[in-house]
$ cat upload28.cif   # mmCIF, C-alpha atoms
data_entry
loop_
_atom_site.group_PDB
_atom_site.id
_atom_site.type_symbol
_atom_site.label_atom_id
_atom_site.label_comp_id
_atom_site.auth_asym_id
_atom_site.auth_seq_id
_atom_site.Cartn_x
_atom_site.Cartn_y
_atom_site.Cartn_z
ATOM 1 C CA MET M 25 56.026 -16.716 -88.965
ATOM 2 C CA ARG M 26 56.720 -19.246 -86.232
ATOM 3 C CA ARG M 27 59.850 -20.513 -88.051
ATOM 4 C CA LEU M 28 61.083 -16.955 -88.412
ATOM 5 C CA LEU M 29 60.613 -16.334 -84.669
ATOM 6 C CA ILE M 30 62.451 -19.592 -83.789
ATOM 7 C CA ALA M 31 65.323 -18.722 -86.168
ATOM 8 C CA PHE M 32 65.544 -15.258 -84.634
ATOM 9 C CA LEU M 33 65.679 -16.665 -81.081
ATOM 10 C CA VAL M 34 68.363 -19.210 -82.071
ATOM 11 C CA ILE M 35 70.519 -16.467 -83.611
ATOM 12 C CA ILE M 36 70.202 -14.276 -80.526
ATOM 13 C CA SER M 37 70.957 -17.094 -78.094
ATOM 14 C CA GLN M 38 74.013 -18.227 -80.073
ATOM 15 C CA SER M 39 75.404 -14.736 -80.428
ATOM 16 C CA SER M 40 75.015 -14.042 -76.706
ATOM 17 C CA CYS M 41 77.107 -17.157 -75.944
ATOM 18 C CA LEU M 42 80.014 -15.624 -77.828
ATOM 19 C CA LYS M 43 80.105 -12.365 -75.875
ATOM 20 C CA GLN M 44 82.116 -11.650 -72.753
ATOM 21 C CA SER M 45 80.512 -10.902 -69.460
ATOM 22 C CA ILE M 46 80.568 -7.251 -68.459
ATOM 23 C CA SER M 47 83.249 -7.850 -65.816
ATOM 24 C CA ASP M 48 85.425 -9.840 -68.266
ATOM 25 C CA ALA M 49 85.086 -7.082 -70.853
ATOM 26 C CA MET M 50 86.126 -4.443 -68.294
ATOM 27 C CA ILE M 51 89.194 -6.447 -67.227
ATOM 28 C CA ALA M 52 90.152 -7.097 -70.843
ATOM 29 C CA SER M 53 89.779 -3.401 -71.614
ATOM 30 C CA GLN M 54 91.901 -2.436 -68.610
ATOM 31 C CA ASN M 55 94.603 -5.005 -69.409
ATOM 32 C CA SER M 56 94.470 -4.765 -73.181
ATOM 33 C CA GLY M 57 97.703 -4.228 -75.023
ATOM 34 C CA THR M 58 96.455 -1.083 -76.666
ATOM 35 C CA GLN M 59 98.339 1.630 -74.838
ATOM 36 C CA GLY M 60 96.641 4.591 -76.448
ATOM 37 C CA GLY M 61 94.058 2.440 -78.219
ATOM 38 C CA ASN M 62 95.717 1.504 -81.507
ATOM 39 C CA SER M 63 98.784 -0.670 -81.032
ATOM 40 C CA PRO M 64 100.176 -3.260 -78.614
ATOM 41 C CA GLY M 65 102.787 -0.867 -77.240
ATOM 42 C CA VAL M 66 106.298 -1.301 -75.910
ATOM 43 C CA ALA M 67 107.491 -1.219 -72.302
ATOM 44 C CA THR M 68 111.079 -0.217 -71.568
ATOM 45 C CA MET M 69 113.446 0.101 -68.642
ATOM 46 C CA THR M 70 116.978 1.494 -68.850
ATOM 47 C CA TYR M 71 119.549 2.111 -66.138
ATOM 48 C CA ALA M 72 123.302 2.205 -65.629
ATOM 49 C CA VAL M 73 125.155 0.168 -62.981
ATOM 50 C CA ASN M 74 128.426 1.973 -62.236
ATOM 51 C CA GLY M 75 128.269 3.384 -65.767
ATOM 52 C CA ASN M 76 127.318 0.127 -67.582
ATOM 53 C CA THR M 77 123.969 0.485 -69.334
ATOM 54 C CA VAL M 78 121.231 -2.140 -69.071
ATOM 55 C CA THR M 79 118.185 -1.911 -71.357
ATOM 56 C CA ILE M 80 115.051 -4.047 -71.289
ATOM 57 C CA THR M 81 112.428 -3.787 -74.041
ATOM 58 C CA VAL M 82 109.193 -5.776 -74.084
ATOM 59 C CA ASN M 83 106.872 -5.645 -77.090
ATOM 60 C CA ASP M 84 103.155 -5.979 -76.301
ATOM 61 C CA PRO M 85 103.840 -5.992 -72.536
ATOM 62 C CA ASP M 86 100.185 -6.494 -71.591
ATOM 63 C CA SER M 87 100.232 -9.989 -73.091
ATOM 64 C CA GLN M 88 102.812 -11.158 -70.511
ATOM 65 C CA ILE M 89 101.646 -13.661 -67.922
ATOM 66 C CA PRO M 90 100.929 -11.601 -64.773
ATOM 67 C CA THR M 91 102.780 -14.103 -62.561
ATOM 68 C CA ALA M 92 105.805 -14.586 -64.867
ATOM 69 C CA TYR M 93 106.758 -11.449 -66.749
ATOM 70 C CA GLN M 94 109.962 -9.892 -68.031
ATOM 71 C CA LEU M 95 108.991 -6.306 -67.151
ATOM 72 C CA GLY M 96 105.985 -5.372 -65.047
ATOM 73 C CA CYS M 97 104.607 -4.205 -61.740
ATOM 74 C CA SER M 98 102.379 -6.443 -59.611
ATOM 75 C CA LYS M 99 100.206 -5.867 -56.578
ATOM 76 C CA THR M 100 100.450 -8.178 -53.570
ATOM 77 C CA VAL M 101 98.123 -8.287 -50.584
ATOM 78 C CA TYR M 102 99.676 -10.110 -47.649
ATOM 79 C CA PRO M 103 97.442 -12.994 -46.500
ATOM 80 C CA GLY M 104 95.536 -12.321 -43.303
ATOM 81 C CA THR M 105 96.264 -8.577 -43.423
ATOM 82 C CA SER M 106 95.202 -5.530 -45.350
ATOM 83 C CA SER M 107 98.843 -4.642 -46.129
ATOM 84 C CA THR M 108 99.535 -4.108 -49.806
ATOM 85 C CA VAL M 109 102.787 -3.604 -51.725
ATOM 86 C CA TYR M 110 103.602 -3.191 -55.382
ATOM 87 C CA SER M 111 106.704 -4.767 -56.895
ATOM 88 C CA LEU M 112 108.295 -3.417 -60.089
ATOM 89 C CA ASP M 113 110.408 -6.225 -61.559
ATOM 90 C CA CYS M 114 112.506 -6.727 -64.664
ATOM 91 C CA LEU M 115 114.695 -9.497 -66.042
ATOM 92 C CA SER M 116 117.625 -8.844 -68.363
ATOM 93 C CA THR M 117 120.561 -10.794 -69.698
ATOM 94 C CA SER M 118 122.728 -9.293 -66.945
ATOM 95 C CA GLY M 119 120.376 -10.185 -64.087
ATOM 96 C CA GLU M 120 117.248 -8.891 -62.420
ATOM 97 C CA MET M 121 116.003 -5.792 -60.636
ATOM 98 C CA THR M 122 113.141 -5.482 -58.192
ATOM 99 C CA ASN M 123 111.754 -2.477 -56.377
ATOM 100 C CA THR M 124 109.057 -2.638 -53.747
ATOM 101 C CA PHE M 125 106.645 0.262 -53.359
ATOM 102 C CA PHE M 126 105.387 0.159 -49.784
ATOM 103 C CA THR M 127 101.938 1.634 -50.408
ATOM 104 C CA ASP M 128 98.311 0.570 -50.381
ATOM 105 C CA SER M 129 97.566 2.673 -53.452
ATOM 106 C CA LEU M 130 100.158 3.156 -56.187
ATOM 107 C CA ALA M 131 100.078 6.728 -57.512
ATOM 108 C CA VAL M 132 102.206 9.367 -59.210
ATOM 109 C CA GLY M 133 104.909 10.445 -56.749
ATOM 110 C CA ASN M 134 108.266 9.598 -55.231
ATOM 111 C CA TYR M 135 108.989 6.315 -53.413
ATOM 112 C CA THR M 136 112.285 6.139 -51.538
ATOM 113 C CA TYR M 137 113.712 3.312 -49.435
ATOM 114 C CA THR M 138 116.864 3.892 -47.391
ATOM 115 C CA GLY M 139 119.218 1.688 -45.414
ATOM 116 C CA ILE M 140 117.862 2.966 -42.101
ATOM 117 C CA TYR M 141 114.790 0.736 -42.687
ATOM 118 C CA GLY M 142 116.884 -2.442 -42.980
ATOM 119 C CA ASP M 143 118.413 -4.647 -45.658
ATOM 120 C CA MET M 144 116.535 -5.052 -48.943
ATOM 121 C CA PHE M 145 117.538 -6.825 -52.166
ATOM 122 C CA VAL M 146 117.355 -4.556 -55.225
ATOM 123 C CA LEU M 147 119.528 -5.875 -58.027
ATOM 124 C CA SER M 148 121.401 -8.894 -59.308
ATOM 125 C CA TYR M 149 123.991 -7.698 -61.800
ATOM 126 C CA ASN M 150 126.407 -10.066 -63.541
ATOM 127 C CA GLY M 151 126.186 -12.604 -60.729
ATOM 128 C CA THR M 152 126.497 -10.201 -57.782
ATOM 129 C CA ASP M 153 123.522 -9.298 -55.602
ATOM 130 C CA GLU M 154 123.251 -5.630 -54.684
ATOM 131 C CA TYR M 155 121.403 -4.557 -51.536
ATOM 132 C CA ILE M 156 120.277 -1.569 -49.621
ATOM 133 C CA HIS M 157 122.412 -2.402 -46.592
ATOM 134 C CA ASP M 158 124.395 0.586 -45.331
ATOM 135 C CA PRO M 159 122.394 3.430 -43.678
ATOM 136 C CA ALA M 160 123.540 5.728 -46.528
ATOM 137 C CA ASP M 161 122.227 3.317 -49.223
ATOM 138 C CA SER M 162 118.946 4.153 -50.942
ATOM 139 C CA ILE M 163 116.808 3.638 -54.013
ATOM 140 C CA SER M 164 114.443 6.337 -55.198
ATOM 141 C CA PHE M 165 111.726 5.729 -57.794
ATOM 142 C CA ASN M 166 109.743 8.647 -59.162
ATOM 143 C CA ILE M 167 106.493 7.669 -60.924
ATOM 144 C CA THR M 168 105.748 10.564 -63.272
ATOM 145 C CA SER M 169 102.815 8.994 -65.104
ATOM 146 C CA TYR M 170 100.207 6.357 -64.223
ATOM 147 C CA SER M 171 97.700 6.060 -67.052
ATOM 148 C CA LYS M 172 95.615 3.222 -68.489
ATOM 149 C CA GLY M 173 97.247 0.694 -66.153
ATOM 150 C CA HIS M 174 100.841 1.653 -67.103
ATOM 151 C CA ILE M 175 103.514 3.514 -65.164
ATOM 152 C CA SER M 176 106.445 5.611 -66.352
ATOM 153 C CA GLY M 177 109.160 7.483 -64.507
ATOM 154 C CA ASN M 178 112.779 7.550 -63.418
ATOM 155 C CA PHE M 179 115.000 6.213 -60.641
ATOM 156 C CA SER M 180 118.469 6.220 -59.094
ATOM 157 C CA GLY M 181 120.206 4.615 -56.156
ATOM 158 C CA ARG M 182 123.271 3.761 -54.137
ATOM 159 C CA LEU M 183 123.689 0.099 -53.137
ATOM 160 C CA THR M 184 126.129 -2.232 -51.399
ATOM 161 C CA PRO M 185 127.245 -5.527 -52.997
ATOM 162 C CA MET M 186 126.836 -8.773 -51.097
ATOM 163 C CA ILE M 187 130.139 -10.638 -51.362
ATOM 164 C CA MET M 188 129.001 -13.857 -49.722
ATOM 165 C CA ALA M 189 125.727 -15.124 -48.332
ATOM 166 C CA GLY M 190 126.179 -16.668 -44.921
ATOM 167 C CA ASN M 191 124.147 -17.949 -42.052
ATOM 168 C CA PRO M 192 123.489 -16.089 -39.781
ATOM 169 C CA ASN M 193 125.394 -13.138 -41.330
ATOM 170 C CA ASN M 194 126.061 -12.067 -44.906
ATOM 171 C CA THR M 195 129.373 -10.525 -45.961
ATOM 172 C CA TYR M 196 129.041 -7.210 -47.751
ATOM 173 C CA GLY M 197 131.485 -5.226 -49.874
ATOM 174 C CA SER M 198 132.212 -1.505 -49.859
ATOM 175 C CA PRO M 199 129.160 0.434 -48.628
ATOM 176 C CA GLY M 200 127.466 2.471 -51.338
ATOM 177 C CA SER M 201 129.913 1.352 -54.039
ATOM 178 C CA VAL M 202 127.216 0.431 -56.583
ATOM 179 C CA LEU M 203 125.640 3.455 -58.255
ATOM 180 C CA ILE M 204 122.378 3.193 -60.194
ATOM 181 C CA THR M 205 122.073 6.178 -62.532
ATOM 182 C CA GLN M 206 120.095 7.231 -65.613
ATOM 183 C CA GLY M 207 117.210 4.984 -64.578
ATOM 184 C CA SER M 208 113.992 5.303 -66.535
ATOM 185 C CA PHE M 209 110.941 3.157 -67.210
ATOM 186 C CA LYS M 210 108.128 3.713 -69.672
ATOM 187 C CA ASP M 211 104.700 2.141 -70.203
ATOM 188 C CA VAL M 212 105.304 -0.664 -67.695
ATOM 189 C CA PRO M 213 102.032 -2.573 -67.105
ATOM 190 C CA VAL M 214 100.618 -2.858 -63.600
ATOM 191 C CA PHE M 215 99.096 -6.302 -62.960
ATOM 192 C CA TYR M 216 96.391 -6.411 -60.285
#
$ encode --input "upload28.cif" --output "structure tokens"
Amino acid sequence: MRRLLIAFLVIISQSSCLKQSISDAMIASQNSGTQGGNSPGVATMTYAVNGNTVTITVNDPDSQIPTAYQLGCSKTVYPGTSSTVYSLDCLSTSGEMTNTFFTDSLAVGNYTYTGIYGDMFVLSYNGTDEYIHDPADSISFNITSYSKGHISGNFSGRLTPMIMAGNPNNTYGSPGSVLITQGSFKDVPVFY
């Protein structure tokens, strides 16, 4: 009987060493690549720059490294403040795109940034950086779904190309000459 009790205790103690803590299990569940519960999923982003289509597809997007991803949205809290922003970023063969959501709590809704707030980098396309620079420039992201740690929606914008970076002033091209149309994103993971 004593051997049976010892064997039972050894089995229980060894099996408990293999389990995750409750907090680790919750994080893994929240960040698991099972969008919908059965498969790793696919995240996509598509947009056109002056009519030229760019498409980014990431299989099993939740397995990306949260600090170095091809397509994702990350939360940043500025040190020493309670200010929070979310940054939706993607990398493609033609360049990169980034959009900053100035909010403490990302939710379904529209997020628009215009040139009246100041210059902001949005896109690098085929070697040219595109900015919100002119007061008429803007980028508008509409999050239509935020479920299980993934966002989906659409976007469009009007940007100004930077012709040359200079100190203290940059040289910009024709205001509003870069049109972002047909923008959509689906099942993009949000990294906290």
$ atom_distance --input "upload28.cif" --atom1 "atom CA of M:Val73" --atom2 "atom CA of M:Tyr110"
23.1 Å
$ atom_distance --input "upload28.cif" --atom1 "atom CA of M:Leu115" --atom2 "atom CA of M:Asp84"
15.8 Å
$ atom_distance --input "upload28.cif" --atom1 "atom CA of M:Asn74" --atom2 "atom CA of M:Val132"
27.4 Å
$ closest_residue --input "upload28.cif" --among "M:Ser176, M:Thr100, M:Ser116, M:Thr136" --to "M:Val66" --atoms "all atoms listed in the file"
M:Ser176
$ closest_residue --input "upload28.cif" --among "M:Ala131, M:Thr81, M:Phe126, M:Val146" --to "M:His174" --atoms "all atoms listed in the file"
M:Ala131
$ closest_residue --input "upload28.cif" --among "M:Ser129, M:Ser111, M:Thr105, M:Asn150" --to "M:Val212" --atoms "all atoms listed in the file"
M:Ser111
$ residues_around --input "upload28.cif" --residues "stretch 179-192 of chain M" --least-positions-apart "4" --cutoff "10 Å" --atoms "all atoms listed in the file" --output "JSON, numbers by chain"
{"M": [70, 71, 72, 73, 74, 134, 135, 136, 137, 138, 139, 143, 144, 145, 146, 147, 148, 149, 152, 153, 154, 155, 156, 157, 158, 160, 161, 162, 163, 164, 165, 166, 167, 196, 197, 198, 199, 200, 201, 202, 203, 204, 205, 206, 207, 208, 209]}
$ write_last_selection --input "upload28.cif" --atoms "C-alpha atoms" --output "PDB file, keeping the file's coordinate frame"
ATOM      1  CA  THR M  70     116.978   1.494 -68.850  1.00  0.00           C
ATOM      2  CA  TYR M  71     119.549   2.111 -66.138  1.00  0.00           C
ATOM      3  CA  ALA M  72     123.302   2.205 -65.629  1.00  0.00           C
ATOM      4  CA  VAL M  73     125.155   0.168 -62.981  1.00  0.00           C
ATOM      5  CA  ASN M  74     128.426   1.973 -62.236  1.00  0.00           C
ATOM      6  CA  ASN M 134     108.266   9.598 -55.231  1.00  0.00           C
ATOM      7  CA  TYR M 135     108.989   6.315 -53.413  1.00  0.00           C
ATOM      8  CA  THR M 136     112.285   6.139 -51.538  1.00  0.00           C
ATOM      9  CA  TYR M 137     113.712   3.312 -49.435  1.00  0.00           C
ATOM     10  CA  THR M 138     116.864   3.892 -47.391  1.00  0.00           C
ATOM     11  CA  GLY M 139     119.218   1.688 -45.414  1.00  0.00           C
ATOM     12  CA  ASP M 143     118.413  -4.647 -45.658  1.00  0.00           C
ATOM     13  CA  MET M 144     116.535  -5.052 -48.943  1.00  0.00           C
ATOM     14  CA  PHE M 145     117.538  -6.825 -52.166  1.00  0.00           C
ATOM     15  CA  VAL M 146     117.355  -4.556 -55.225  1.00  0.00           C
ATOM     16  CA  LEU M 147     119.528  -5.875 -58.027  1.00  0.00           C
ATOM     17  CA  SER M 148     121.401  -8.894 -59.308  1.00  0.00           C
ATOM     18  CA  TYR M 149     123.991  -7.698 -61.800  1.00  0.00           C
ATOM     19  CA  THR M 152     126.497 -10.201 -57.782  1.00  0.00           C
ATOM     20  CA  ASP M 153     123.522  -9.298 -55.602  1.00  0.00           C
ATOM     21  CA  GLU M 154     123.251  -5.630 -54.684  1.00  0.00           C
ATOM     22  CA  TYR M 155     121.403  -4.557 -51.536  1.00  0.00           C
ATOM     23  CA  ILE M 156     120.277  -1.569 -49.621  1.00  0.00           C
ATOM     24  CA  HIS M 157     122.412  -2.402 -46.592  1.00  0.00           C
ATOM     25  CA  ASP M 158     124.395   0.586 -45.331  1.00  0.00           C
ATOM     26  CA  ALA M 160     123.540   5.728 -46.528  1.00  0.00           C
ATOM     27  CA  ASP M 161     122.227   3.317 -49.223  1.00  0.00           C
ATOM     28  CA  SER M 162     118.946   4.153 -50.942  1.00  0.00           C
ATOM     29  CA  ILE M 163     116.808   3.638 -54.013  1.00  0.00           C
ATOM     30  CA  SER M 164     114.443   6.337 -55.198  1.00  0.00           C
ATOM     31  CA  PHE M 165     111.726   5.729 -57.794  1.00  0.00           C
ATOM     32  CA  ASN M 166     109.743   8.647 -59.162  1.00  0.00           C
ATOM     33  CA  ILE M 167     106.493   7.669 -60.924  1.00  0.00           C
ATOM     34  CA  TYR M 196     129.041  -7.210 -47.751  1.00  0.00           C
ATOM     35  CA  GLY M 197     131.485  -5.226 -49.874  1.00  0.00           C
ATOM     36  CA  SER M 198     132.212  -1.505 -49.859  1.00  0.00           C
ATOM     37  CA  PRO M 199     129.160   0.434 -48.628  1.00  0.00           C
ATOM     38  CA  GLY M 200     127.466   2.471 -51.338  1.00  0.00           C
ATOM     39  CA  SER M 201     129.913   1.352 -54.039  1.00  0.00           C
ATOM     40  CA  VAL M 202     127.216   0.431 -56.583  1.00  0.00           C
ATOM     41  CA  LEU M 203     125.640   3.455 -58.255  1.00  0.00           C
ATOM     42  CA  ILE M 204     122.378   3.193 -60.194  1.00  0.00           C
ATOM     43  CA  THR M 205     122.073   6.178 -62.532  1.00  0.00           C
ATOM     44  CA  GLN M 206     120.095   7.231 -65.613  1.00  0.00           C
ATOM     45  CA  GLY M 207     117.210   4.984 -64.578  1.00  0.00           C
ATOM     46  CA  SER M 208     113.992   5.303 -66.535  1.00  0.00           C
ATOM     47  CA  PHE M 209     110.941   3.157 -67.210  1.00  0.00           C
TER      48      PHE M 209
END
$ residues_around --input "upload28.cif" --residues "M:Lys210" --least-positions-apart "3" --cutoff "7 Å" --atoms "all atoms listed in the file" --output "PyMOL selection string"
chain M and resi 67-69+175-177
$ residues_around --input "upload28.cif" --residues "M:Thr108" --least-positions-apart "3" --cutoff "12 Å" --atoms "all atoms listed in the file" --output "MDAnalysis selection string"
chainID M and resid 98:105 111 124:130 216
$ closest_residue --input "upload28.cif" --among "M:Thr117, M:Gln94, M:Thr168, M:Thr195" --to "M:Val82" --atoms "only C-alpha atoms"
M:Gln94
$ closest_residue --input "upload28.cif" --among "M:Val214, M:Val109, M:Ile89, M:Cys97" --to "M:Gly173" --atoms "only C-alpha atoms"
M:Val214
$ closest_residue --input "upload28.cif" --among "M:Gly151, M:Asn194, M:Gly119, M:Asp86" --to "M:Lys172" --atoms "all atoms listed in the file"
M:Asp86
$ axis_aligned_box --input "upload28.cif" --around "stretch 174-188 of chain M" --padding-each-side "8 Å" --output "JSON"
{"center_x": 115.5, "center_y": -3.2, "center_z": -58.4, "size_x": 45.3, "size_y": 37.4, "size_z": 33.4}
